[in-house]
Structures are given as C-alpha cells and as structure tokens.
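Just upload.cif here, mmCIF, C-alpha atoms:
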data_data
#
loop_
_atom_site.label_atom_id
_atom_site.label_comp_id
_atom_site.auth_asym_id
_atom_site.auth_seq_id
_atom_site.Cartn_x
_atom_site.Cartn_y
_atom_site.Cartn_z
CA MET C 87 21.51 61.14 26.89
CA ASP C 88 18.73 60.74 29.43
CA LEU C 89 20.12 57.38 30.40
CA LEU C 90 23.55 58.91 31.01
CA GLY C 91 21.99 61.69 33.05
CA PHE C 92 20.07 59.08 35.06
CA PHE C 93 23.31 57.19 35.84
CA GLU C 94 25.05 60.42 36.77
CA ARG C 95 22.17 61.39 39.05
CA SER C 96 22.12 57.92 40.64
CA LEU C 97 25.89 58.02 41.19
CA GLU C 98 25.56 61.44 42.76
CA PHE C 99 22.70 60.13 44.94
CA ARG C 100 24.78 57.10 45.97
CA ARG C 101 27.72 59.35 46.82
CA ARG C 102 25.48 61.57 48.94
CA VAL C 103 23.91 58.56 50.65
CA ILE C 104 27.38 57.16 51.49
CA GLN C 105 28.53 60.54 52.75
CA HIS C 106 25.39 60.84 54.84
CA CYS C 107 25.83 57.36 56.28
CA ARG C 108 29.47 58.04 57.03
CA GLY C 109 28.43 61.21 58.77
CA ILE C 110 25.88 59.32 60.82
CA ALA C 111 28.46 56.65 61.62
CA THR C 112 30.99 59.25 62.73
CA TYR C 113 28.31 61.04 64.71
CA GLU C 114 27.27 57.74 66.35
CA ASN C 115 30.85 56.86 67.18
CA MET C 116 31.39 60.29 68.66
CA ASN C 117 28.34 59.87 70.84
CA LYS C 118 29.07 56.28 71.85
CA LYS C 119 30.10 55.69 75.43
CA THR C 120 33.68 54.61 75.98
CA VAL C 121 34.58 51.89 78.45
CA LEU C 122 38.09 51.52 79.86
CA LEU C 123 39.13 47.88 80.32
CA ILE C 124 42.24 46.89 82.29
CA ASP C 125 43.16 43.22 82.62
CA ASP C 126 46.39 41.26 82.27
CA HIS C 127 44.49 38.42 80.54
CA GLU C 128 44.67 39.32 76.86
CA ALA C 129 41.96 36.90 75.67
CA LEU C 130 39.56 38.25 78.27
CA LEU C 131 40.28 41.82 77.17
CA ASP C 132 39.50 40.88 73.54
CA SER C 133 36.33 38.98 74.47
CA THR C 134 35.02 41.78 76.71
CA LYS C 135 35.79 44.41 74.07
CA GLU C 136 34.05 42.42 71.32
CA PHE C 137 31.03 41.67 73.50
CA LEU C 138 30.59 45.25 74.69
CA GLU C 139 31.06 46.74 71.23
CA LEU C 140 28.63 44.28 69.66
CA VAL C 141 25.95 43.98 72.31
CA VAL C 142 26.07 47.21 74.33
CA LYS C 143 27.30 49.35 71.41
CA VAL C 144 30.11 51.11 73.25
CA ASN C 145 33.73 51.82 72.40
CA CYS C 146 36.38 50.09 74.41
CA LEU C 147 39.92 51.08 75.30
CA CYS C 148 41.96 48.16 76.53
CA PHE C 149 45.12 48.13 78.63
CA ARG C 150 47.09 45.34 80.32
CA GLY C 151 48.23 47.27 83.39
CA LEU C 152 49.09 50.63 84.89
CA LYS C 153 52.30 50.99 82.82
CA ASP C 154 50.34 50.38 79.63
CA LEU C 155 47.61 52.79 80.75
CA THR C 156 49.98 55.65 81.58
CA SER C 157 51.58 55.43 78.15
CA GLY C 158 48.17 55.54 76.46
CA TRP C 159 46.62 58.07 78.82
CA ALA C 160 46.39 60.80 76.12
CA ASP C 161 43.90 58.65 74.13
CA VAL C 162 41.98 57.78 77.26
CA SER C 163 41.55 61.37 78.40
CA LYS C 164 40.46 62.35 74.86
CA ALA C 165 37.82 59.58 74.81
CA ALA C 166 36.68 60.40 78.38
CA PRO C 167 35.42 56.93 79.33
CA SER C 168 32.37 56.81 81.57
CA VAL C 169 33.15 53.38 83.00
CA ALA C 170 36.40 51.67 83.94
CA ILE C 171 36.49 47.92 84.57
CA LEU C 172 39.67 46.88 86.40
CA ASP C 173 40.99 43.44 87.17
CA ILE C 174 42.35 43.35 90.74
CA ASN C 175 45.36 41.07 90.22
CA LEU C 176 47.35 42.46 87.33
CA GLY C 177 50.29 40.06 87.54
CA ALA C 178 53.31 39.51 89.77
CA GLY C 179 55.26 42.66 90.61
CA GLU C 180 52.71 44.84 88.84
CA PRO C 181 50.52 47.47 90.53
CA SER C 182 47.14 45.98 91.47
CA GLY C 183 43.72 47.12 90.25
CA VAL C 184 43.39 49.08 93.50
CA ASP C 185 46.58 50.98 92.62
CA VAL C 186 45.14 51.70 89.15
CA TYR C 187 41.94 52.98 90.81
CA HIS C 188 43.91 55.49 92.91
CA TRP C 189 45.94 56.54 89.88
CA LEU C 190 42.80 57.10 87.79
CA ARG C 191 41.16 59.18 90.52
CA ALA C 192 44.39 61.17 90.91
CA GLN C 193 44.24 61.93 87.18
CA GLY C 194 40.75 63.33 87.64
CA PHE C 195 38.82 60.36 86.26
CA ARG C 196 35.21 60.89 87.33
CA GLY C 197 33.56 57.84 85.75
CA GLN C 198 32.17 54.72 87.38
CA ILE C 199 34.88 52.25 88.42
CA ALA C 200 34.23 48.53 88.86
CA PHE C 201 36.66 45.87 90.00
CA LEU C 202 36.65 42.35 88.61
CA THR C 203 38.27 39.67 90.71
CA GLY C 204 38.89 35.96 90.60
CA HIS C 205 39.58 35.86 94.36
CA ALA C 206 37.35 35.12 97.34
CA LYS C 207 35.64 38.11 98.96
CA ASP C 208 37.78 37.89 102.09
CA HIS C 209 41.06 38.07 100.18
CA PRO C 210 43.09 41.11 101.40
CA LEU C 211 43.26 42.69 97.92
CA VAL C 212 39.50 42.28 97.44
CA LYS C 213 38.89 43.67 100.95
CA GLN C 214 40.85 46.78 99.97
CA ALA C 215 38.70 47.14 96.85
CA VAL C 216 35.45 46.62 98.79
CA GLN C 217 36.41 49.40 101.22
CA ILE C 218 36.46 51.91 98.35
CA ASN C 219 33.06 53.62 98.53
CA ASP C 220 32.69 54.79 94.93
CA ALA C 221 33.68 51.51 93.28
CA LYS C 222 31.80 48.28 92.72
CA VAL C 223 33.36 44.84 93.08
CA PHE C 224 32.29 41.91 90.92
CA GLU C 225 33.54 38.38 91.11
CA LYS C 226 34.73 36.66 87.94
CA PRO C 227 33.01 35.20 86.06
CA MET C 228 30.64 38.17 85.97
CA GLY C 229 27.17 37.51 84.58
CA ILE C 230 26.24 38.93 81.17
CA GLY C 231 23.33 40.86 82.73
CA ASP C 232 25.55 42.44 85.39
CA LEU C 233 28.18 43.49 82.85
CA THR C 234 25.62 44.97 80.48
CA ALA C 235 23.85 46.85 83.28
CA LEU C 236 27.14 48.17 84.64
CA VAL C 237 28.19 49.61 81.28
CA ARG C 238 24.72 51.00 80.46
CA GLU C 239 24.28 52.64 83.86
CA GLY C 240 27.82 54.03 83.98
CA MET X 113 55.37 15.56 110.22
CA LEU X 114 56.52 18.56 112.21
CA SER X 115 55.32 16.98 115.45
CA SER X 116 57.20 13.73 114.74
CA ARG X 117 60.44 15.60 113.89
CA ARG X 118 60.12 17.61 117.10
CA LYS X 119 59.52 14.42 119.11
CA HIS X 120 62.59 12.73 117.65
CA SER X 121 64.83 15.67 118.45
CA HIS X 122 63.29 15.69 121.95
CA ASN X 123 64.23 11.99 122.30
CA LEU X 124 67.88 12.73 121.47
CA ASN X 125 67.98 15.67 123.90
CA MET X 126 66.50 13.47 126.62
CA LEU X 127 69.10 10.73 126.10
CA PHE X 128 71.90 13.29 126.04
CA SER X 129 70.73 14.63 129.44
CA GLN X 130 70.51 11.10 130.84
CA GLY X 131 74.00 10.27 129.56
CA ALA X 132 75.37 13.47 131.12
CA LEU X 133 73.68 12.64 134.45
CA ASN X 134 75.13 9.11 134.45
CA LEU X 135 78.57 10.52 133.68
CA VAL X 136 78.44 13.17 136.39
CA GLY X 137 76.66 10.82 138.83
CA GLY X 138 79.37 8.18 138.33
CA PHE X 139 82.15 10.67 139.12
CA LEU X 140 80.25 12.02 142.15
CA ALA X 141 79.76 8.45 143.42
CA ILE X 142 83.52 7.84 143.27
CA ILE X 143 84.18 11.13 145.11
CA MET X 144 81.39 10.67 147.71
CA TRP X 145 81.82 6.99 148.47
CA GLY X 146 85.54 6.66 147.77
CA GLN X 147 86.28 6.40 151.51
CA LEU X 148 84.09 3.29 151.73
CA GLU X 149 86.81 1.48 149.75
CA SER X 150 84.52 -0.88 147.90
CA SER X 151 85.76 -2.14 144.55
CA VAL X 152 82.21 -3.22 143.56
CA LEU X 153 81.02 0.33 144.16
CA ASP X 154 83.90 1.68 142.04
CA TRP X 155 83.03 -0.73 139.25
CA MET X 156 79.39 0.31 139.37
CA ALA X 157 80.40 3.97 139.22
CA LEU X 158 82.69 3.24 136.25
CA LEU X 159 79.83 1.37 134.55
CA ALA X 160 77.58 4.43 135.03
CA ILE X 161 80.34 6.69 133.60
CA LEU X 162 80.84 4.33 130.65
CA SER X 163 77.11 4.08 129.87
CA GLY X 164 76.80 7.88 130.13
CA ALA X 165 79.76 8.48 127.84
CA LEU X 166 78.55 5.92 125.27
CA THR X 167 75.08 7.48 125.27
CA ILE X 168 76.50 10.96 124.71
CA ILE X 169 78.71 9.72 121.85
CA PHE X 170 75.73 7.89 120.31
CA VAL X 171 73.52 11.01 120.49
CA VAL X 172 76.21 13.34 119.13
CA LYS X 173 77.04 10.98 116.23
CA ARG X 174 73.38 10.29 115.46
CA LYS X 175 72.24 12.19 112.37
CA SER X 176 68.83 10.61 111.85
CA PRO X 177 65.84 10.81 114.23
CA LEU X 178 65.41 8.26 117.01
CA SER X 179 62.20 6.29 117.51
CA ASP X 180 60.34 6.17 120.85
CA SER X 181 61.00 2.44 121.33
CA THR X 182 64.79 2.78 120.78
CA THR X 183 64.84 5.77 123.13
CA SER X 184 63.03 3.74 125.79
CA LEU X 185 65.45 0.82 125.33
CA ILE X 186 68.56 3.01 125.69
CA PHE X 187 66.98 4.82 128.65
CA GLY X 188 66.25 1.46 130.34
CA LEU X 189 69.82 0.19 129.72
CA ASN X 190 71.24 3.39 131.22
CA LEU X 191 69.17 2.82 134.37
CA ILE X 192 70.82 -0.56 135.11
CA PRO X 193 74.16 0.88 136.39
CA VAL X 194 72.17 3.49 138.34
CA TYR X 195 70.14 0.81 140.16
CA GLY X 196 73.38 -1.13 140.74
CA LEU X 197 75.05 1.96 142.19
CA LEU X 198 72.06 2.65 144.47
CA TRP X 199 72.03 -0.95 145.75
CA VAL X 200 75.77 -1.29 146.27
CA SER X 201 76.21 2.14 147.90
CA ASN X 202 73.55 1.32 150.50
CA SER X 203 74.80 -2.20 150.97
CA VAL X 204 78.36 -0.96 151.63
CA SER X 205 77.13 1.87 153.91
CA SER X 206 75.07 -0.61 155.97
CA HIS X 207 78.25 -2.47 156.91
CA GLN X 208 79.99 0.61 158.40
CA ASN X 209 78.52 -0.06 161.86
CA LYS X 210 77.70 3.61 162.44
CA ILE X 211 74.55 5.74 162.11
CA TRP X 212 73.74 6.60 158.51
CA VAL X 213 70.71 7.77 156.48
CA PRO X 214 69.79 5.12 153.90
CA PHE X 215 68.18 5.53 150.47
CA GLU X 216 69.13 9.20 150.04
CA PRO X 217 70.38 8.85 146.43
CA HIS X 218 67.15 6.94 145.66
CA GLU X 219 65.16 10.17 146.12
CA LEU X 220 67.28 12.06 143.62
CA ALA X 221 67.14 9.13 141.15
CA CYS X 222 63.30 9.05 141.36
CA LEU X 223 63.09 12.74 140.48
CA ALA X 224 65.68 12.48 137.70
CA ILE X 225 63.70 9.65 136.05
CA ALA X 226 60.46 11.65 136.38
CA PHE X 227 62.10 14.59 134.58
CA LEU X 228 63.88 12.60 131.88
CA ALA X 229 61.94 9.38 131.16
CA PRO X 230 60.56 9.00 127.62
CA PRO X 231 56.80 9.49 127.24
CA GLY X 232 56.34 5.70 126.78
CA ILE X 233 54.41 4.95 129.97
CA ALA X 234 55.98 1.53 130.69
CA ILE X 235 59.60 2.74 130.89
CA GLY X 236 58.70 5.82 132.93
CA VAL X 237 56.49 4.11 135.52
CA LEU X 238 58.69 1.01 135.83
CA GLY X 239 61.85 3.12 136.00
CA ILE X 240 60.45 5.06 138.97
CA LEU X 241 58.74 2.11 140.74
CA VAL X 242 61.88 -0.04 140.70
CA ILE X 243 63.62 2.43 143.04
CA PRO X 244 61.28 2.22 146.10
CA VAL X 245 60.90 -1.53 145.44
CA LEU X 246 64.72 -1.92 145.51
CA ALA X 247 64.79 0.07 148.76
CA GLU X 248 62.06 -2.15 150.22
CA PHE X 249 63.92 -5.35 149.27
CA GLN X 250 67.21 -4.02 150.55
CA TYR X 251 65.60 -2.94 153.83
CA MET X 252 64.03 -6.39 154.22
CA GLY X 253 67.47 -7.93 153.73
CA PHE X 254 69.15 -5.91 156.50
CA SER X 255 70.15 -7.90 159.61
CA PRO X 256 68.79 -6.78 163.02
CA GLU X 257 72.25 -5.40 163.77
CA GLN X 258 72.30 -3.32 160.57
CA LEU X 259 68.80 -2.03 161.36
CA THR X 260 69.99 -0.60 164.69
CA TRP X 261 72.12 1.99 162.82
CA LEU X 262 69.17 3.25 160.81
CA PRO X 263 66.82 6.16 161.67
CA ALA X 264 63.11 5.55 162.24
CA HIS X 265 60.94 4.84 159.15
CA PRO X 266 63.82 4.82 156.63
CA LEU X 267 61.50 3.63 153.82
CA PHE X 268 59.20 6.63 154.12
CA ALA X 269 61.43 8.95 152.04
CA PRO X 270 61.95 6.64 149.00
CA MET X 271 58.21 5.77 149.00
CA ALA X 272 57.20 9.44 149.22
CA PHE X 273 59.68 10.48 146.54
CA GLY X 274 58.59 7.55 144.34
CA SER X 275 54.94 8.65 144.56
CA PHE X 276 55.86 12.28 144.01
CA ALA X 277 58.02 11.31 140.99
CA LEU X 278 55.12 9.32 139.50
CA ILE X 279 52.79 12.34 139.76
CA LEU X 280 55.50 14.57 138.29
CA TYR X 281 56.08 12.10 135.44
CA PHE X 282 52.38 11.95 134.52
CA PHE X 283 52.16 15.73 134.68
CA ARG X 284 55.20 16.01 132.36
CA ARG X 285 53.70 13.44 129.96
CA HIS X 286 50.51 15.50 129.85
CA GLY X 287 52.56 18.62 129.01
CA VAL X 288 54.42 16.76 126.27
CA ARG X 289 51.09 15.57 124.83
CA ILE X 290 49.74 19.14 124.80
CA ALA X 291 52.93 20.39 123.11
CA ASP X 292 52.56 17.58 120.53
CA LEU X 293 48.95 18.56 119.88
CA ALA X 294 49.96 22.21 119.48
CA ALA X 295 52.72 21.22 117.02
CA LYS X 296 50.25 19.02 115.12
CA SER X 297 47.74 21.88 114.90
CA GLU X 298 50.49 24.18 113.64
CA ALA X 299 51.46 21.64 110.97
CA GLU X 300 47.80 21.32 109.93
CA ALA X 301 47.48 25.11 109.74
CA GLN X 302 50.58 25.24 107.52
CA ALA X 303 49.15 22.54 105.25
CA MET X 304 45.82 24.40 105.10
CA LYS X 305 47.65 27.59 104.16
CA LYS X 306 49.36 25.76 101.30
CA VAL X 307 46.02 24.39 100.05
CA THR X 308 44.46 27.87 100.31
CA HIS X 309 47.32 29.37 98.27
CA ALA X 310 46.95 26.65 95.65
CA ILE X 311 43.17 27.13 95.40
CA LEU X 312 43.53 30.91 95.18
CA SER X 313 45.98 30.48 92.33
CA ILE X 314 43.77 27.93 90.56
CA LYS X 315 40.77 30.26 90.94
CA ASP X 316 42.77 33.17 89.58
CA LEU X 317 43.92 31.08 86.60
CA ALA X 318 40.50 29.59 85.90
CA ASN X 319 38.21 32.60 86.31
CA SER X 320 39.50 34.78 83.49
CA PRO X 321 39.10 32.03 80.85
CA ILE X 322 35.60 31.26 82.20
CA GLN X 323 34.72 34.96 81.95
CA ALA X 324 36.11 35.11 78.39
CA LEU X 325 34.15 32.00 77.37
CA THR X 326 30.93 33.43 78.89
CA LEU X 327 31.27 36.55 76.74
CA ASP X 328 32.42 34.66 73.63
CA VAL X 329 29.33 32.43 73.79
CA GLU X 330 27.10 35.54 73.62
CA VAL X 331 29.13 36.97 70.73
CA LEU X 332 28.96 33.63 68.92
CA LYS X 333 25.17 33.49 69.32
CA LEU X 334 24.77 37.01 67.91
CA LYS X 335 27.28 36.76 65.07
CA HIS X 336 26.50 33.21 63.96
CA PRO X 337 22.86 32.32 64.66
CA ASP X 338 23.40 28.95 62.93
CA ASP X 339 25.92 27.98 65.57
CA VAL X 340 23.58 28.60 68.52
CA PRO X 341 23.44 24.86 69.41
CA ILE X 342 27.27 24.84 69.63
CA ALA X 343 27.18 28.02 71.68
CA ASN X 344 24.60 26.43 74.00
CA ARG X 345 26.83 23.40 74.53
CA ILE X 346 29.78 25.63 75.40
CA GLU X 347 27.52 27.64 77.70
CA LYS X 348 26.48 24.46 79.54
CA SER X 349 30.11 23.51 80.12
CA VAL X 350 30.91 27.05 81.27
CA HIS X 351 28.06 26.77 83.80
CA GLN X 352 29.64 23.61 85.18
CA LEU X 353 32.94 25.44 85.57
CA ARG X 354 31.12 28.28 87.37
CA ASP X 355 29.62 25.74 89.78
CA LEU X 356 33.10 24.39 90.46
CA ASN X 357 34.19 27.94 91.14
CA ARG X 358 31.40 28.34 93.68
CA LEU X 359 32.54 25.15 95.45
CA LEU X 360 36.09 26.52 95.66
CA ASP X 361 34.68 29.72 97.15
CA GLU X 362 32.93 27.70 99.84
CA HIS X 363 36.21 25.95 100.60
CA LEU X 364 38.11 29.22 100.82
CA ARG X 365 35.60 31.07 103.00
CA GLY X 366 37.37 32.46 106.05
CA SER X 367 40.73 31.00 105.10
CA ALA X 368 42.22 33.76 102.96
CA ASP X 369 45.87 34.35 103.63
CA ALA X 370 46.52 37.87 104.82
CA SER X 371 50.13 37.67 103.65
CA ILE X 372 49.08 38.27 100.03
CA GLU X 373 48.90 42.03 99.79
CA GLY X 374 49.71 42.81 96.19
CA SER X 375 49.30 41.34 92.72
CA PHE X 376 50.81 37.89 92.34
CA ASP X 377 51.68 35.31 89.71
CA PRO X 378 49.39 32.28 90.19
CA TYR X 379 51.73 29.98 88.22
CA GLU X 380 54.63 30.90 90.49
CA ASN X 381 52.41 30.33 93.55
CA LEU X 382 51.35 26.88 92.36
CA GLU X 383 54.95 25.89 91.65
CA LYS X 384 55.94 27.06 95.13
CA GLU X 385 53.19 24.99 96.79
CA THR X 386 53.96 21.74 94.94
#
Write out the structure in this file as structure tokens.
Amino acid sequence: MDLLGFFERSLEFRRRVIQHCRGIATYENMNKKTVLLIDDHEALLDSTKEFLELVVKVNCLCFRGLKDLTSGWADVSKAAPSVAILDINLGAGEPSGVDVYHWLRAQGFRGQIAFLTGHAKDHPLVKQAVQINDAKVFEKPMGIGDLTALVREG
Amino acid sequence: MLSSRRKHSHNLNMLFSQGALNLVGGFLAIIMWGQLESSVLDWMALLAILSGALTIIFVVKRKSPLSDSTTSLIFGLNLIPVYGLLWVSNSVSSHQNKIWVPFEPHELACLAIAFLAPPGIAIGVLGILVIPVLAEFQYMGFSPEQLTWLPAHPLFAPMAFGSFALILYFFRRHGVRIADLAAKSEAEAQAMKKVTHAILSIKDLANSPIQALTLDVEVLKLKHPDDVPIANRIEKSVHQLRDLNRLLDEHLRGSADASIEGSFDPYENLEKET
C-alpha cells in the first residue's frame, strides 16, 4: 500500500516537475529575443538560424525576400523582432535589402537593422545601404564575434 | 580589338576617297586639258578614272577588313596614274609656246596625299616627296626656249606645298595615333568592366556559402565536440576562402560599376560576361 502511494506520489511529483519545466521553457521562449533574417540563400538562412538559436539563444524568423516577408508579416509583428539582418542582393528582379529596409521602417519596425553584403564597399547598392544612418553594414562573410555582438546588442 | 576594327574601316574609307578623287580628277583632266589635244594625256586621264573606279568597286565589294600593308599598296598603285597625269599635263603645256603657270596640279596633289595617305610612314612621305622631285626633274628637262614661257621661280610653289603637305601629313598621323590610343583605352575599360562584373558575381556567389560554412563550423563544434578536429579543418579552409575574398576586394576597389542599381542574378551576369 505504502509502495503504491510512493509511486503515485513520485508520478505526481514527476508530472509537476514536467509542468514546471514546460512553464519555464514557455516563459524562456516568450522572453527570448527574436531576430528577423532575410536572405535569398536558403542554406545560409538555415545555418544562421541554427547558430543564433544554439549559441546566442534567440528565436529566428527567416524569409527569402520582401514578397515572403509581407505574406508572413503577421507572425513577425507578433514576435516583435529586435534585430533584422538583411542581405542586400535578394536575387534578380527582386526588391533589394535596401527596399526591404524602407518597407520595414514604413511598417513601424523600430529594431536594429543590419545589412549583409557580398559586394565591395563601393558598389552602388552597398553605398545606398551605407548612407542609411540607423543601419549597420557588414560584409559577408561576417565574423562570428560580430554576428553575436550584433544580435546581443540589438 | 576595337582599335584594329576601327583602323580597318578607316583604311577602306581612305581608299574609297582616293578612288573617288582619281575618278573625278581624271574627268576634270579631260575637261581642263582637252583643248591641248594630247592622246597621251587622255590615256593618262582614262587610267586615273579606271584606277579610281576599280578602287571604289573593290572597297564597296570588300566585306572583310583591310590590312595596313594592302591599303598602302593600293594607295601607291593609285598614285601612278596621278604622277603620270601631272608629268604629261606639264609636258604638253610646255610645248604650247605661250605663257603658262607650271606645276599647279602638283600643289593640289601634295595636299590630297597629305589628307588621304595611310598612316604607314613610307607611303605617305614618299607619295608627297615624289611630286616636288618630279617637278624638279621636269623643270631640269625644259629647253631654254620652254623656260622663257615660265614665270620666275616656278619650282617654289611645288616645293612649298610639298613641305607643307609633309607637315600636314605628320600632324594627321599624330591625330590618328591619338584616336587609336583613345579607342584602345576604351576597349581596355570595356574589358575591365567585364572582369569587374564577373568578379562581383563570383564574390556574390562565393560569400554566402563561406558565411554558411563559418556558422556551421561553430554549430558543429558545439553539437559534436568529438568532431572538433574536423570542424577545425573546415575552419582552416574557410579562412583560405576568406583570404581569397579579401584579394578580390583589393582588385575591385574603385572599379565598381555604377550601372548595377538593383538586385541581380550572379549566374546570369557570369553567363553574359563569358
């Protein structure tokens, strides 16, 4: 009888522990920063997301371009990302990262915005990005330290 | 490439102008000196017309470019009936036994050669020098009676025009050389623009995978501590690729093409440049 009671108590304890942990996990997730990633290179999006979630402990929302972002904007505005990392060249015929920047600001996005580019600094698109006062421009490949600092500070 | 194409088309234009001048000059000679009633003069004029017409037909029918040496050869051949016409016209005029001004057409011929001669220095200089030399020889061959019908210092004009034509020819050659240099620089700038486009596209294609690898190496190290040596090897290779990227940046500095204003497809760019 006592043994059965012991098992019942331990099961109840386990259930409470799991519930508690789930609560903590949900609480942590709710308090985690969200980072908005926009790049037309799918593998890079996956790698950046995995790295940031594992190392910097942030949530990531990934999009491949402005079209993709506008269709998923409801989720983005709910998550209220504090940092947006935008690739400058988002593919032929597609709006550039600079266009995405203007769109985000027009939607009332107040977070830190950083551009990532594979081009030289004197490329016209990069020059346009550099002229934006409240955005940072990083050249690909961006160092691990720079990326981590950008997301933590944002 | 561009410079050479331009030069070849210039060669054809030059020969066309020379052919047209021979044709017109031949007809004018028949009209002007017809009253002298010299069959040799008529034959020379016909030869000039024939050479002019053949040159024009050759240039019009020619589809491929023409080399400098061939241009010089045709130019030289076209000058033969002109020299003949100059010699015969003066020779016939000297037998009229009346006052006449010799070597007048020589002056015009000197200037025409200076304006039209190919840039090859030998044909240009020789073509001009032959005219005052011909005048000199012809003057030396005049009998004392023929000389009495001539004005004072008749050789002064062909000599002066010959010298003037030489200066004009060298000045024109200099201009052609400058135009060639400008065309060459333009061709080089075009080639440089192509290389810049290609490098920009390569950079754009290469940088995202390098960035992804840089991040994946860190994830690999954290998730699989046993595989750290593998991760380190990948990291070393990624560093080499980053160094290559830096070298490309050095190459591109100051040469970005302002015509790229929006997003672009690097694959399409590379295909366009090759």
request  = When you get a sec, could you note down which chain C residues fall within 10 Å of chain X, using only C-alpha atoms, as a VMD selection string?
outcome  = chain C and resid 125 to 141 173 to 185 202 to 212 214 225 to 230 233
Which residues match the PyMOL selection byres ((chain C and resi 218) around 12) in the file above, as an mmCIF file with C-alpha atoms, in the frame of the given file?
data_model
loop_
_atom_site.group_PDB
_atom_site.id
_atom_site.type_symbol
_atom_site.label_atom_id
_atom_site.label_comp_id
_atom_site.auth_asym_id
_atom_site.auth_seq_id
_atom_site.Cartn_x
_atom_site.Cartn_y
_atom_site.Cartn_z
ATOM 1 C CA GLY C 183 43.720 47.120 90.250
ATOM 2 C CA VAL C 184 43.390 49.080 93.500
ATOM 3 C CA ASP C 185 46.580 50.980 92.620
ATOM 4 C CA TYR C 187 41.940 52.980 90.810
ATOM 5 C CA HIS C 188 43.910 55.490 92.910
ATOM 6 C CA ARG C 191 41.160 59.180 90.520
ATOM 7 C CA ILE C 199 34.880 52.250 88.420
ATOM 8 C CA ALA C 200 34.230 48.530 88.860
ATOM 9 C CA PHE C 201 36.660 45.870 90.000
ATOM 10 C CA LEU C 211 43.260 42.690 97.920
ATOM 11 C CA VAL C 212 39.500 42.280 97.440
ATOM 12 C CA LYS C 213 38.890 43.670 100.950
ATOM 13 C CA GLN C 214 40.850 46.780 99.970
ATOM 14 C CA ALA C 215 38.700 47.140 96.850
ATOM 15 C CA VAL C 216 35.450 46.620 98.790
ATOM 16 C CA GLN C 217 36.410 49.400 101.220
ATOM 17 C CA ASN C 219 33.060 53.620 98.530
ATOM 18 C CA ASP C 220 32.690 54.790 94.930
ATOM 19 C CA ALA C 221 33.680 51.510 93.280
ATOM 20 C CA LYS C 222 31.800 48.280 92.720
ATOM 21 C CA VAL C 223 33.360 44.840 93.080
#
message = Evaluated on this file, the PyMOL selection byres ((chain X and resi 212) around 12) picks out some residues - which ones are they, written as a list in words?
response =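 This file, filtered by the PyMOL selection byres ((chain X and resi 212) around 12), leaves Ser201, Asn202, Ser203, Val204, Ser205, Ser206, His207, Gln208, Asn209, Lys210, Ile211, Val213, Pro214, Phe215, Glu216, Gln258, Leu259, Thr260, Trp261, Leu262, Pro263, Ala264 and Pro266 of chain X.
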ask   = Quick one: distance from CA of Ala295 (chain X) to CA of Pro231 (chain X) in Å, one decimal?
value =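 CA of Pro231 (chain X) lies at a distance of 16.1 Å from CA of Ala295 (chain X).
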Shortest interatomic distance to Trp145 (chain X) - which of X:Cys222, X:Leu191, X:Leu124, X:Val200, counting all atoms listed in the file =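 That would be X:Val200, the residue with the smallest distance to Trp145 (chain X).
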inquiry  = One decimal, in Å: what's the spacing between CA of Ile171 (chain C) and CA of Ile124 (chain C)?
reply    =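 Rounded to one decimal, the two atoms are 6.3 Å apart.
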request  = Could you jot down the CA of Ala141 (chain X) to CA of Gly196 (chain X) separation for me, Å, one decimal place?
outcome  = 11.8 Å
message = Could you list, as a PyMOL selection string, every residue matched by the PyMOL selection byres ((chain X and resi 239-251) around 8) in this structure?
response = chain X and resi 188+191+195+199+203+215+218+221-222+225-226+229+235-238+252-254+267+270-271+274+277-278
request  = Please provide the set of residues having any atom within 9 Å of region 158-166 of chain C, restricted to all atoms listed in the file, with same-chain residues fewer than 2 positions apart removed, written as a VMD selection string.
outcome  = chain C and resid 116 119 to 122 147 149 153 to 156 168 195 197
